[in-house]
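The block underneath contains the structure these notes are about, expressed in structure tokens.
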Amino acid sequence: MPATIVVGTQWGDEGKGKFTDLVARDMDMVVRYQGGHNAGHTLVVDGQTFALQLVPSGVLHEHTTPVIGNGVVVDPRVLLAEIDMLTSKGVDCSRLKVSGNAHLIMPYHQELDALHERHLGAAKLGTTKRGIGPTYADKAMRTGIRVQDLLDPKIFRKKLEVALDHHNKVLTKVFNRLPIEVDAVADEYLVGCAPRMSGYIADTVSLIHECLESDGNVLFEGAQATFLDVDHGTYPFVTSSNPVAGGACVGSGVGPRDINRIIGVAKAYVTRVGSGPFPTELSDEVGDYLVDVGHEFGTNTGRRRRTGWLDVVLLRQAVRLNSLSEIALTKLDVLDGLDTIKVCVAYEAGDERYRYVPYHQSVFHSVKPIYEELPGWKTDISGITDPDHLPAQAAAYIEFLESQVGVPIRLVGVGPGRGQFLDRAA
């Protein structure tokens with residue numbers, strides 16, 4: 001049975017969790033394929049709020065198996081705390097499966113992440129300091145420790161000794177910090193985490209393929225978003241993995257022929273956390289309005305997000321990079337109070353006009369957005385679930401975006417609640 005991917009099309013925080021949860025209703029398995037607990041999403045179910053970091057959204061559906069794939073980096077302490085939180089709210093996490101090939105975030109990764117960011121000073125990248133980048137770096141250097149190593153204390157300790165032999169030299173000689181003790185880390189992970197983690201560790205590649213081969217429905221869930229991709233994003237202000245749709249194959253162990261539906265999630269405006277270029281950024285009262293009405297603060301960090309008008313140049317590029325079959329538009333209701341709404345339809349740099357993102361960073365950092373202005377609807381749409389009941393101006397806004405990017409906008413979010421959406425294909 002072919003599978004579905006949900007991917008962010010901007011710089012993250014598009015509201016992927018809500019639509020992943022919505023699509024997961026028809027899925028037998030939901031697989032998280034990259035990132036770590038630097039990415040969070042919030043779901044509101046029956047008035048109860050769930051802030052998830054690592055556990056896939058499908059955990060809220062009793063018929064669904066949530067899977068953390070091999071492409072994810074896992075802090076077992078954070079994962080177990082999240083499981084405890086969900087359990088306390090009545091959510092059964094016994095179905096959760098974690099790939100034995102996923103890499104572990106270690107305490108030294110987090111310390112190195114924070115020290116490196118501080119060392120960069122004004123050139124800092126705006127990382128969450130959760131140890132994500134250093135963990136992926138160790139993975140690439142083939143000195144990482146994997147989830148399956150928790151099941152073999154001897155191998156775990158040997159790998160830990162090798163890793164700390166290197167990282168302690170950096171901590172002590174470069175950053176003048178105290179070394180991290182092998183015994184302390186080994187006890188924390190092997191005694192504090194391994195016994196509870198062991199019940200979740202599995203051969204997830206086989207599980208996913210068995211589900212597909214039995215005509216099951218599988219949803220692949222990305223963290224972060226297209227323009228935070230380490231290859232295709234606004235480097236170096238990116239994450240350390242591949243959130244694009246192609247990353248689902250590598251990060252879970254399936255081939256591209258298994259995928260037939262790719263949903264790109266886009267916010268009705270754009271936000272960004274941390275440093276990096278942002279052509280449509282607003283530093284005025286409209287930007288403040290979007291922050292206030294859209295509650296634009298990070299799920300994990302609490303950081304205020306930067307806000308700006310919707311950028312269809314980015315969206316067109318995301319359609320290309322992900323082979324999107326459709327778009328889910330979120331937070332349309334946040335625009336309810338605006339008299340007029342701008343949409344960036346192209347960039348200008350010197351004598352050049354760009355419909356797609358220019359490849360060279362020096363050009364992209366200097367582009368000026370070219371806007372088209374549309375009338376607002378000045379009406380509360382948060383209770384609308386029938387597309388035919390949308391104000392004419394709101395419907396025209398959606399149709400304009402479709403005409404610009406060439407991909408149908410099927411799902412539209414009009415509020416944070418689980419049922420606050422409309423399906424334009426229904």
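By order in the structure tokens, chains are A, B, ...; within a chain, residues start at 1; ligands start at 1, following the order shown.
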**Message:** Neighbouring residues of Ala318 (chain A) were defined as those with any atom within 8 Å, considering only C-alpha atoms; residues of the same chain fewer than 4 positions away were excluded. Please report them as a VMD selection string.
**Reply:** chain A and resid 9 to 10 226 264 314 322 to 324
How would the residues just chosen look if you wrote them out with N, CA, C and O atoms as a short mmCIF file (atom, residue, chain, number, x, y, z; two decimals), in the first residue's frame?
data_model
loop_
_atom_site.label_atom_id
_atom_site.label_comp_id
_atom_site.auth_asym_id
_atom_site.auth_seq_id
_atom_site.Cartn_x
_atom_site.Cartn_y
_atom_site.Cartn_z
N THR A 9 6.69 23.37 4.60
CA THR A 9 7.15 24.02 3.37
C THR A 9 7.88 25.35 3.61
O THR A 9 8.31 25.98 2.65
N GLN A 10 7.98 25.77 4.88
CA GLN A 10 8.59 27.07 5.16
C GLN A 10 9.78 26.88 6.10
O GLN A 10 10.67 26.08 5.80
N THR A 226 11.17 22.44 5.03
CA THR A 226 11.96 22.44 3.80
C THR A 226 13.16 23.38 3.86
O THR A 226 14.28 23.01 3.49
N GLY A 264 2.22 19.13 1.65
CA GLY A 264 3.05 20.21 2.16
C GLY A 264 2.22 21.14 3.03
O GLY A 264 1.17 21.62 2.60
N LEU A 314 9.10 30.96 -1.95
CA LEU A 314 9.49 29.81 -1.12
C LEU A 314 8.57 28.63 -1.38
O LEU A 314 9.02 27.48 -1.49
N ASN A 322 9.89 18.89 -2.91
CA ASN A 322 9.18 17.80 -2.25
C ASN A 322 8.23 17.03 -3.16
O ASN A 322 7.62 16.05 -2.72
N SER A 323 8.09 17.45 -4.42
CA SER A 323 7.09 16.85 -5.32
C SER A 323 5.71 16.84 -4.66
O SER A 323 5.02 15.82 -4.63
N LEU A 324 5.30 17.98 -4.15
CA LEU A 324 4.04 18.05 -3.42
C LEU A 324 2.86 17.69 -4.31
O LEU A 324 2.76 18.11 -5.46
#
**Request:** Might you pull out every residue within 10 Å of Gly36 (chain A), with only C-alpha atoms counted and same-chain residues fewer than 2 positions away left off, and present them as number ranges by chain?
**Result:** A: 32-34, 38-40, 53-55, 68, 71-75, 78-79, 103-105, 130-133, 135, 223-224, 240-241
**Prompt:** For Gly415 (chain A), which residue among A:Asp26, A:Asp284, A:Asp336, A:Glu181 is the nearest when counting only C-alpha atoms?
**Reply:** A:Asp336
**Request:** Please provide the set of residues having any atom within 12 Å of Ala3 (chain A), restricted to only C-alpha atoms, with same-chain residues fewer than 6 positions apart removed, written as number ranges by chain.
**Result:** A: 23-24, 26-31, 208-209, 211-213, 215-221, 245, 248-249, 254-263
How about saving the chosen residues, C-alpha atoms kept, as a tab-separated table (two decimals), in the first residue's frame?
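Saved the output as selection_13.tsv:
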chain	number	residue	atom	x	y	z
A	23	VAL	CA	-4.45	12.47	8.38
A	24	ALA	CA	-3.39	9.89	11.00
A	26	ASP	CA	-6.89	6.86	8.52
A	27	MET	CA	-3.41	5.46	9.16
A	28	ASP	CA	-2.20	2.21	10.67
A	29	MET	CA	1.27	3.60	11.35
A	30	VAL	CA	2.80	7.08	11.75
A	31	VAL	CA	6.57	7.31	11.34
A	208	ILE	CA	7.06	-0.53	8.29
A	209	HIS	CA	7.42	-2.90	5.35
A	211	CYS	CA	2.54	-2.85	7.38
A	212	LEU	CA	2.86	-1.74	3.75
A	213	GLU	CA	2.87	-5.31	2.46
A	215	ASP	CA	-2.08	-3.09	2.67
A	216	GLY	CA	-1.72	-0.92	5.75
A	217	ASN	CA	-1.67	2.88	5.54
A	218	VAL	CA	1.58	4.52	6.63
A	219	LEU	CA	2.16	8.21	7.26
A	220	PHE	CA	5.67	9.68	7.38
A	221	GLU	CA	6.00	12.77	9.56
A	245	ALA	CA	10.10	14.54	1.57
A	248	ALA	CA	11.48	10.10	4.65
A	249	CYS	CA	12.93	7.28	2.57
A	254	VAL	CA	11.49	2.68	2.47
A	255	GLY	CA	11.92	3.37	-1.24
A	256	PRO	CA	10.36	6.22	-3.23
A	257	ARG	CA	7.95	3.91	-5.07
A	258	ASP	CA	6.16	3.32	-1.76
A	259	ILE	CA	5.10	6.99	-1.61
A	260	ASN	CA	2.09	8.31	-3.53
A	261	ARG	CA	0.83	11.34	-1.57
A	262	ILE	CA	2.96	14.22	-0.31
A	263	ILE	CA	1.20	16.93	1.69
**Request:** Could you tell me, as a ChimeraX atom specification, which residues of region 152-352 of chain A DSSP assigns to alpha helix (DSSP H) when given the backbone?
**Result:** /A:153-169,182-186,194-197,204-213,247-250,285-294,312-322
**Request:** Pick out the residues sitting within 10 Å of Thr280 (chain A), and hand them over as JSON, numbers by chain; count only C-alpha atoms, and ignore anything fewer than 5 positions along from it in its own chain.
**Result:** {"A": [269, 270, 271, 307, 308, 309, 310, 311, 342, 343, 344, 347, 367, 368, 369, 370, 371]}
**Item:** Residue neighbourhood Asp292 (chain A), 12 Å, only C-alpha atoms, exclusion window fewer than 3 positions, as JSON, numbers by chain
**Value:** {"A": [285, 286, 287, 288, 289, 295, 296, 297, 304, 305, 306, 307, 334, 335, 337]}
Using the selection just defined, write its residues with N, CA, C and O atoms as a PDB file, in the first residue's frame.
ATOM      1  N   GLU A 285       3.670  47.037  13.133  1.00  0.00           N
ATOM      2  CA  GLU A 285       2.507  46.642  13.913  1.00  0.00           C
ATOM      3  C   GLU A 285       1.817  45.405  13.341  1.00  0.00           C
ATOM      4  O   GLU A 285       1.192  44.635  14.076  1.00  0.00           O
ATOM      5  N   VAL A 286       1.930  45.185  12.026  1.00  0.00           N
ATOM      6  CA  VAL A 286       1.352  43.974  11.441  1.00  0.00           C
ATOM      7  C   VAL A 286       2.115  42.744  11.925  1.00  0.00           C
ATOM      8  O   VAL A 286       1.524  41.714  12.254  1.00  0.00           O
ATOM      9  N   GLY A 287       3.442  42.859  11.976  1.00  0.00           N
ATOM     10  CA  GLY A 287       4.248  41.764  12.506  1.00  0.00           C
ATOM     11  C   GLY A 287       3.894  41.455  13.946  1.00  0.00           C
ATOM     12  O   GLY A 287       3.777  40.283  14.339  1.00  0.00           O
ATOM     13  N   ASP A 288       3.691  42.504  14.749  1.00  0.00           N
ATOM     14  CA  ASP A 288       3.281  42.305  16.147  1.00  0.00           C
ATOM     15  C   ASP A 288       1.900  41.664  16.230  1.00  0.00           C
ATOM     16  O   ASP A 288       1.650  40.815  17.094  1.00  0.00           O
ATOM     17  N   TYR A 289       1.014  42.086  15.333  1.00  0.00           N
ATOM     18  CA  TYR A 289      -0.332  41.518  15.292  1.00  0.00           C
ATOM     19  C   TYR A 289      -0.269  40.010  15.033  1.00  0.00           C
ATOM     20  O   TYR A 289      -0.953  39.215  15.695  1.00  0.00           O
ATOM     21  N   HIS A 295      -0.189  33.639  18.334  1.00  0.00           N
ATOM     22  CA  HIS A 295       0.530  33.035  19.472  1.00  0.00           C
ATOM     23  C   HIS A 295       1.860  32.457  18.994  1.00  0.00           C
ATOM     24  O   HIS A 295       2.164  31.281  19.204  1.00  0.00           O
ATOM     25  N   GLU A 296       2.639  33.295  18.355  1.00  0.00           N
ATOM     26  CA  GLU A 296       3.865  32.845  17.712  1.00  0.00           C
ATOM     27  C   GLU A 296       5.057  32.827  18.670  1.00  0.00           C
ATOM     28  O   GLU A 296       5.957  33.661  18.630  1.00  0.00           O
ATOM     29  N   PHE A 297       5.036  31.808  19.512  1.00  0.00           N
ATOM     30  CA  PHE A 297       6.141  31.544  20.425  1.00  0.00           C
ATOM     31  C   PHE A 297       6.455  30.055  20.356  1.00  0.00           C
ATOM     32  O   PHE A 297       5.544  29.224  20.251  1.00  0.00           O
ATOM     33  N   ARG A 304      10.109  34.056  20.861  1.00  0.00           N
ATOM     34  CA  ARG A 304       9.214  34.770  19.946  1.00  0.00           C
ATOM     35  C   ARG A 304       9.660  34.505  18.516  1.00  0.00           C
ATOM     36  O   ARG A 304      10.843  34.591  18.182  1.00  0.00           O
ATOM     37  N   ARG A 305       8.685  34.166  17.680  1.00  0.00           N
ATOM     38  CA  ARG A 305       8.990  33.924  16.282  1.00  0.00           C
ATOM     39  C   ARG A 305       8.990  35.214  15.484  1.00  0.00           C
ATOM     40  O   ARG A 305       8.225  36.135  15.780  1.00  0.00           O
ATOM     41  N   ARG A 306       9.828  35.284  14.485  1.00  0.00           N
ATOM     42  CA  ARG A 306       9.801  36.373  13.519  1.00  0.00           C
ATOM     43  C   ARG A 306       8.641  36.111  12.553  1.00  0.00           C
ATOM     44  O   ARG A 306       8.357  34.964  12.209  1.00  0.00           O
ATOM     45  N   THR A 307       7.961  37.151  12.132  1.00  0.00           N
ATOM     46  CA  THR A 307       6.782  36.973  11.293  1.00  0.00           C
ATOM     47  C   THR A 307       6.879  37.791  10.015  1.00  0.00           C
ATOM     48  O   THR A 307       7.563  38.824   9.965  1.00  0.00           O
ATOM     49  N   VAL A 334      -5.950  33.629  11.493  1.00  0.00           N
ATOM     50  CA  VAL A 334      -5.118  34.681  12.087  1.00  0.00           C
ATOM     51  C   VAL A 334      -5.198  35.969  11.269  1.00  0.00           C
ATOM     52  O   VAL A 334      -5.040  37.079  11.792  1.00  0.00           O
ATOM     53  N   LEU A 335      -5.510  35.834   9.995  1.00  0.00           N
ATOM     54  CA  LEU A 335      -5.589  37.004   9.118  1.00  0.00           C
ATOM     55  C   LEU A 335      -6.951  37.702   9.178  1.00  0.00           C
ATOM     56  O   LEU A 335      -7.166  38.703   8.489  1.00  0.00           O
ATOM     57  N   GLY A 337      -8.412  39.768  11.071  1.00  0.00           N
ATOM     58  CA  GLY A 337      -8.544  41.171  11.459  1.00  0.00           C
ATOM     59  C   GLY A 337      -7.852  42.167  10.547  1.00  0.00           C
ATOM     60  O   GLY A 337      -7.870  43.371  10.824  1.00  0.00           O
TER      61      GLY A 337
END
**Prompt:** Which parts of region 58-294 of chain A does DSSP call strand (DSSP E) when run on the backbone here, written out as an MDAnalysis selection string?
**Reply:** chainID A and resid 65:68 73:74 97:99 103:104 201:202 218:221 259:267 270:272
**Request:** For each of A:Met85, A:Cys93, A:Val205, A:Leu321, take the minimum atom-to-atom distance to His63 (chain A), counting only C-alpha atoms, then give the residue where this is smallest.
**Result:** A:Cys93
